[in-house]
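Engineer: Once you've had a glance at the structure underneath, I'll fire off some questions.
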Amino acid sequence: MTSGTVINIQKYSIHDGPGIRTTVFLKGCPLKCWWCHNPESQSLKHEIMFFEERCTGCGSCIKRCPEKAIQFKDSYPVVDENKCKICGKCTDFCPNNAREYVGKDMTAQELMREIIKDEVFYDESNGGVTFSGGEPLIHADFLAQLLKLCKERGIHTAVDTSGYVAWENFEKIFDKVDLFLFDLKHMNNDMHKKYMDVPNDLILENLKKLSDKNCNIFIRMPIIAGVNDDSEHIEKAIEFIEKLNVLQVNLLPYHKMGMDKYRRLKMDYRLSGMEKPSNERMEEIADKFKKSGIRIKIGG
Ligand code: SF4
Ligand code: SF4
């Protein structure tokens with residue numbers, strides 16, 4: 001039985017596919033999007049998040065760390081990354097939950113036990129389970145196993161993907177997926193490399209292949225002012241999508257949720273100062289899609 005690293009199992013989710021869903025977030029992603037609101041999902045490794053506002057400076061973590069990796073600096077416990085082995089002992093002994101361990105290794109069976117707890121809600125709402133991340137397809141064998149178990153129980157499945165994985169990974173799962181939530185972030189390769197850290201050719205190619213296989217696809221486009229909301233880019237995206245077999249496009253306005261997590265993980269947030277696009281601009285973009293006959297929704 002394979003296992004995967006889970007960062008969160010979100011219950012009663014209503015923005016990740018139809019009905020009421022359980023969204024399982026898997027750890028590890030090949031992209032580094034500047035606006036990523038789950039930065040804790042990017043690294044494959046386990047991590048510790050520090051919530052400084054909860055820390056009372058009691059020093060318990062310092063005493064418990066077997067590596068002597070923590071020292072006080074300006075009344076805060078500071079970790080020496082070179083010494084820390086991410087063992088998690090400091091999280092166990094912090095009385096204020098100021099340190100949180102990110103990443104739990106689970107087998108497919110263990111995850112299924114969580115998923116089926118809410119089967120009654122899936123049945124009543126035509127919901128199901130969504131596998132997200134990170135990039136769930138980097139764990140293709142684990143994902144295939146989970147999807148098979150869901151299918152056997154008649155649970156609707158959705159997979160939220162960046163598309164940036166080898167086609168062989170899609171081949172392992174596409175016949176077990178009821179709906180793909182496929183992210184399309186930028187049509188220009190240089191802009192894609194700048195804001196996502198990887199080129200877009202493999203993503204566009206995989207999207208075409210899934211469309212050719214008649215898979216059910218919702219495209220998800222984050223809209224970030226000054227990055228991908230200009231008319232020229234929107235028209236390019238429409239021109240590409242028009243030729244595909246997709247059920248819907250979801251336009252997801254940029255938001256700042258998750259920004260705090262960067263500080264907690266000692267990562268840089270590269271879009272500070274960015275504002276949410278206006279409702280008017282979102283409507284204008286949606287209208288352009290509607291005029292091309294594409295079913296459109298603002299939001300997830
Ligand atoms: S995770 Fe382990 S090694 Fe790292 S600071 Fe905490 S107790 Fe020390
Ligand atoms: S154990 Fe928790 S509250 Fe105490 S110093 Fe460490 S992080 Fe702060």
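Convention: chains lettered A, B, ... in structure tokens order; per-chain residue numbering from 1; ligands numbered from 1 as shown.
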List as a PyMOL selection string the protein and nucleic acid residues lying within 12 Å of ligand 1, with only C-alpha atoms and all ligand atoms counted.

Structural biologist: chain A and resi 46-50+59-71+77-94+98-102

Engineer: I'd like to know which residues of stretch 49-199 of chain A are alpha helix (DSSP H) (by DSSP, run on the backbone); could you write them as a PyMOL selection string?

Structural biologist: chain A and resi 60-64+89-93+108-115+119-125+140-152+167-173+189-196

Engineer: Go ahead and save the picked residues with N, CA and C atoms, as a compact mmCIF listing (two decimals), in the first residue's frame.

Structural biologist:
```txt
# COMPACT_ATOMS: atom_id res chain seq x y z
N SER A 60 9.66 26.09 26.48
CA SER A 60 9.48 24.64 26.50
C SER A 60 10.08 23.98 25.24
N CYS A 61 9.90 24.62 24.10
CA CYS A 61 10.43 24.05 22.85
C CYS A 61 11.96 23.98 22.90
N ILE A 62 12.56 24.99 23.52
CA ILE A 62 14.03 25.03 23.58
C ILE A 62 14.54 23.84 24.40
N LYS A 63 13.84 23.61 25.53
CA LYS A 63 14.26 22.50 26.41
C LYS A 63 14.05 21.14 25.73
N ARG A 64 13.00 21.01 24.95
CA ARG A 64 12.63 19.71 24.38
C ARG A 64 13.35 19.38 23.07
N LYS A 89 9.18 17.43 17.67
CA LYS A 89 9.06 17.37 19.14
C LYS A 89 8.63 18.71 19.72
N CYS A 90 9.16 19.81 19.14
CA CYS A 90 8.82 21.14 19.66
C CYS A 90 7.33 21.43 19.46
N THR A 91 6.72 20.85 18.44
CA THR A 91 5.27 21.08 18.23
C THR A 91 4.47 20.31 19.28
N ASP A 92 4.95 19.12 19.64
CA ASP A 92 4.24 18.31 20.64
C ASP A 92 4.23 18.98 22.00
N PHE A 93 5.33 19.69 22.33
CA PHE A 93 5.46 20.21 23.69
C PHE A 93 5.13 21.69 23.82
N ALA A 108 -3.51 5.06 1.65
CA ALA A 108 -4.79 5.27 0.97
C ALA A 108 -5.94 4.80 1.85
N GLN A 109 -5.74 3.70 2.57
CA GLN A 109 -6.80 3.18 3.45
C GLN A 109 -7.13 4.17 4.56
N GLU A 110 -6.07 4.75 5.14
CA GLU A 110 -6.28 5.72 6.23
C GLU A 110 -7.05 6.94 5.72
N LEU A 111 -6.68 7.39 4.53
CA LEU A 111 -7.38 8.55 3.96
C LEU A 111 -8.83 8.21 3.64
N MET A 112 -9.03 7.01 3.11
CA MET A 112 -10.41 6.60 2.78
C MET A 112 -11.29 6.58 4.02
N ARG A 113 -10.71 6.19 5.15
CA ARG A 113 -11.51 6.17 6.40
C ARG A 113 -12.03 7.58 6.71
N GLU A 114 -11.22 8.59 6.42
CA GLU A 114 -11.66 9.97 6.63
C GLU A 114 -12.70 10.38 5.59
N ILE A 115 -12.43 10.00 4.34
CA ILE A 115 -13.30 10.42 3.24
C ILE A 115 -14.72 9.87 3.42
N GLU A 119 -19.84 10.47 3.63
CA GLU A 119 -20.53 9.92 2.46
C GLU A 119 -21.98 10.40 2.36
N VAL A 120 -22.64 10.52 3.51
CA VAL A 120 -24.04 10.93 3.52
C VAL A 120 -24.21 12.32 2.90
N PHE A 121 -23.24 13.22 3.14
CA PHE A 121 -23.32 14.57 2.56
C PHE A 121 -23.09 14.53 1.05
N TYR A 122 -22.19 13.65 0.62
CA TYR A 122 -21.95 13.54 -0.83
C TYR A 122 -23.22 13.06 -1.51
N ASP A 123 -23.87 12.05 -0.90
CA ASP A 123 -25.07 11.48 -1.51
C ASP A 123 -26.18 12.53 -1.60
N GLU A 124 -26.34 13.30 -0.53
CA GLU A 124 -27.44 14.27 -0.49
C GLU A 124 -27.23 15.46 -1.40
N SER A 125 -25.95 15.80 -1.67
CA SER A 125 -25.68 17.04 -2.41
C SER A 125 -25.07 16.80 -3.78
N ALA A 140 1.11 10.10 -8.53
CA ALA A 140 0.13 9.46 -9.42
C ALA A 140 -0.28 8.06 -8.96
N ASP A 141 0.66 7.26 -8.46
CA ASP A 141 0.30 5.89 -8.04
C ASP A 141 -0.61 5.92 -6.82
N PHE A 142 -0.28 6.77 -5.87
CA PHE A 142 -1.09 6.93 -4.66
C PHE A 142 -2.49 7.45 -5.03
N LEU A 143 -2.50 8.44 -5.92
CA LEU A 143 -3.76 9.03 -6.35
C LEU A 143 -4.62 7.99 -7.08
N ALA A 144 -3.98 7.19 -7.94
CA ALA A 144 -4.73 6.16 -8.69
C ALA A 144 -5.38 5.19 -7.72
N GLN A 145 -4.67 4.84 -6.68
CA GLN A 145 -5.20 3.91 -5.68
C GLN A 145 -6.42 4.52 -4.96
N LEU A 146 -6.29 5.78 -4.59
CA LEU A 146 -7.41 6.46 -3.91
C LEU A 146 -8.62 6.59 -4.82
N LEU A 147 -8.36 6.95 -6.07
CA LEU A 147 -9.47 7.12 -7.02
C LEU A 147 -10.20 5.80 -7.24
N LYS A 148 -9.43 4.72 -7.31
CA LYS A 148 -10.03 3.40 -7.50
C LYS A 148 -10.93 3.06 -6.31
N LEU A 149 -10.43 3.32 -5.10
CA LEU A 149 -11.22 3.03 -3.90
C LEU A 149 -12.50 3.88 -3.86
N CYS A 150 -12.40 5.12 -4.29
CA CYS A 150 -13.58 5.99 -4.33
C CYS A 150 -14.59 5.46 -5.34
N LYS A 151 -14.08 5.07 -6.51
CA LYS A 151 -14.97 4.54 -7.57
C LYS A 151 -15.71 3.30 -7.06
N GLU A 152 -14.99 2.45 -6.37
CA GLU A 152 -15.61 1.21 -5.86
C GLU A 152 -16.77 1.52 -4.92
N TRP A 167 2.69 13.22 -19.14
CA TRP A 167 1.41 12.66 -19.57
C TRP A 167 1.20 11.26 -18.98
N GLU A 168 2.29 10.52 -18.79
CA GLU A 168 2.19 9.16 -18.22
C GLU A 168 1.46 9.20 -16.87
N ASN A 169 1.62 10.27 -16.11
CA ASN A 169 0.93 10.38 -14.82
C ASN A 169 -0.58 10.51 -15.04
N PHE A 170 -0.97 11.30 -16.04
CA PHE A 170 -2.40 11.42 -16.34
C PHE A 170 -2.96 10.08 -16.79
N GLU A 171 -2.14 9.35 -17.57
CA GLU A 171 -2.63 8.05 -18.07
C GLU A 171 -2.98 7.09 -16.94
N LYS A 172 -2.32 7.25 -15.80
CA LYS A 172 -2.60 6.35 -14.67
C LYS A 172 -3.95 6.64 -14.01
N ILE A 173 -4.49 7.83 -14.25
CA ILE A 173 -5.69 8.20 -13.47
C ILE A 173 -6.92 8.65 -14.27
N ASN A 189 4.58 32.03 -22.52
CA ASN A 189 5.57 31.15 -21.88
C ASN A 189 6.53 31.91 -20.95
N ASP A 190 6.99 33.09 -21.38
CA ASP A 190 7.94 33.86 -20.55
C ASP A 190 7.27 34.32 -19.26
N MET A 191 6.03 34.77 -19.38
CA MET A 191 5.29 35.20 -18.18
C MET A 191 5.04 34.00 -17.27
N HIS A 192 4.77 32.86 -17.89
CA HIS A 192 4.54 31.65 -17.09
C HIS A 192 5.79 31.29 -16.31
N LYS A 193 6.92 31.36 -17.00
CA LYS A 193 8.19 31.03 -16.32
C LYS A 193 8.45 32.02 -15.19
N LYS A 194 8.15 33.30 -15.43
CA LYS A 194 8.42 34.31 -14.41
C LYS A 194 7.54 34.09 -13.17
N TYR A 195 6.25 33.92 -13.38
CA TYR A 195 5.33 33.89 -12.23
C TYR A 195 5.06 32.49 -11.66
N MET A 196 5.37 31.45 -12.45
CA MET A 196 5.11 30.08 -11.96
C MET A 196 6.39 29.27 -11.80
```

Engineer: For the interface of stretch 11-51 of chain A with stretch 258-269 of chain A (cut-off 12 Å, counting only C-alpha atoms), please tabulate each contacting residue of stretch 11-51 of chain A alongside its nearest pair of atoms and their separation in Å to one decimal, rows sorted by chain and increasing number, as CSV.

Structural biologist:
```
residue,atom,partner,partner_atom,distance
A:Lys32,CA,A:Tyr269,CA,10.9
A:Cys33,CA,A:Tyr269,CA,10.2
A:Trp34,CA,A:Tyr269,CA,7.1
A:Trp35,CA,A:Tyr269,CA,7.9
A:Cys36,CA,A:Gly258,CA,7.6
A:His37,CA,A:Gly258,CA,4.3
A:Asn38,CA,A:Gly258,CA,6.2
A:Pro39,CA,A:Tyr262,CA,6.6
A:Glu40,CA,A:Leu265,CA,7.5
A:Ser41,CA,A:Lys261,CA,10.8
A:Gln42,CA,A:Met267,CA,11.1
A:Ser43,CA,A:Leu265,CA,11.0
A:His46,CA,A:Leu265,CA,11.3
A:Glu47,CA,A:Leu265,CA,7.9
A:Ile48,CA,A:Leu265,CA,7.1
A:Met49,CA,A:Arg264,CA,5.2
A:Phe50,CA,A:Arg264,CA,4.9
A:Phe51,CA,A:Arg264,CA,6.2
```

Engineer: Any chance you could export the current selection's C-alpha atoms as a PDB file, in the first residue's frame?

Structural biologist:
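Output saved as again13.pdb:
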```
ATOM      1  CA  LYS A  32       5.975  28.230  -7.382  1.00  0.00           C
ATOM      2  CA  CYS A  33       3.133  30.619  -8.241  1.00  0.00           C
ATOM      3  CA  TRP A  34       3.657  34.077  -6.756  1.00  0.00           C
ATOM      4  CA  TRP A  35       0.058  34.161  -5.469  1.00  0.00           C
ATOM      5  CA  CYS A  36      -0.061  30.586  -4.133  1.00  0.00           C
ATOM      6  CA  HIS A  37      -2.300  30.610  -1.052  1.00  0.00           C
ATOM      7  CA  ASN A  38      -1.036  27.217   0.108  1.00  0.00           C
ATOM      8  CA  PRO A  39       2.746  27.795   0.268  1.00  0.00           C
ATOM      9  CA  GLU A  40       2.985  24.942   2.772  1.00  0.00           C
ATOM     10  CA  SER A  41       1.974  22.635  -0.087  1.00  0.00           C
ATOM     11  CA  GLN A  42       4.951  23.501  -2.305  1.00  0.00           C
ATOM     12  CA  SER A  43       7.755  21.519  -0.689  1.00  0.00           C
ATOM     13  CA  HIS A  46       7.523  18.115   6.155  1.00  0.00           C
ATOM     14  CA  GLU A  47       7.753  21.609   7.659  1.00  0.00           C
ATOM     15  CA  ILE A  48       7.098  23.549  10.861  1.00  0.00           C
ATOM     16  CA  MET A  49       4.929  26.679  10.832  1.00  0.00           C
ATOM     17  CA  PHE A  50       5.513  29.222  13.593  1.00  0.00           C
ATOM     18  CA  PHE A  51       2.624  31.372  14.872  1.00  0.00           C
TER      19      PHE A  51
END
```

Engineer: List the neighbours of A:Thr107 out to 8 Å using only C-alpha atoms; skip same-chain residues closer than 4 positions along the sequence, and give me the result as an NGL selection string.

Structural biologist: :A and (1-4 or 111)
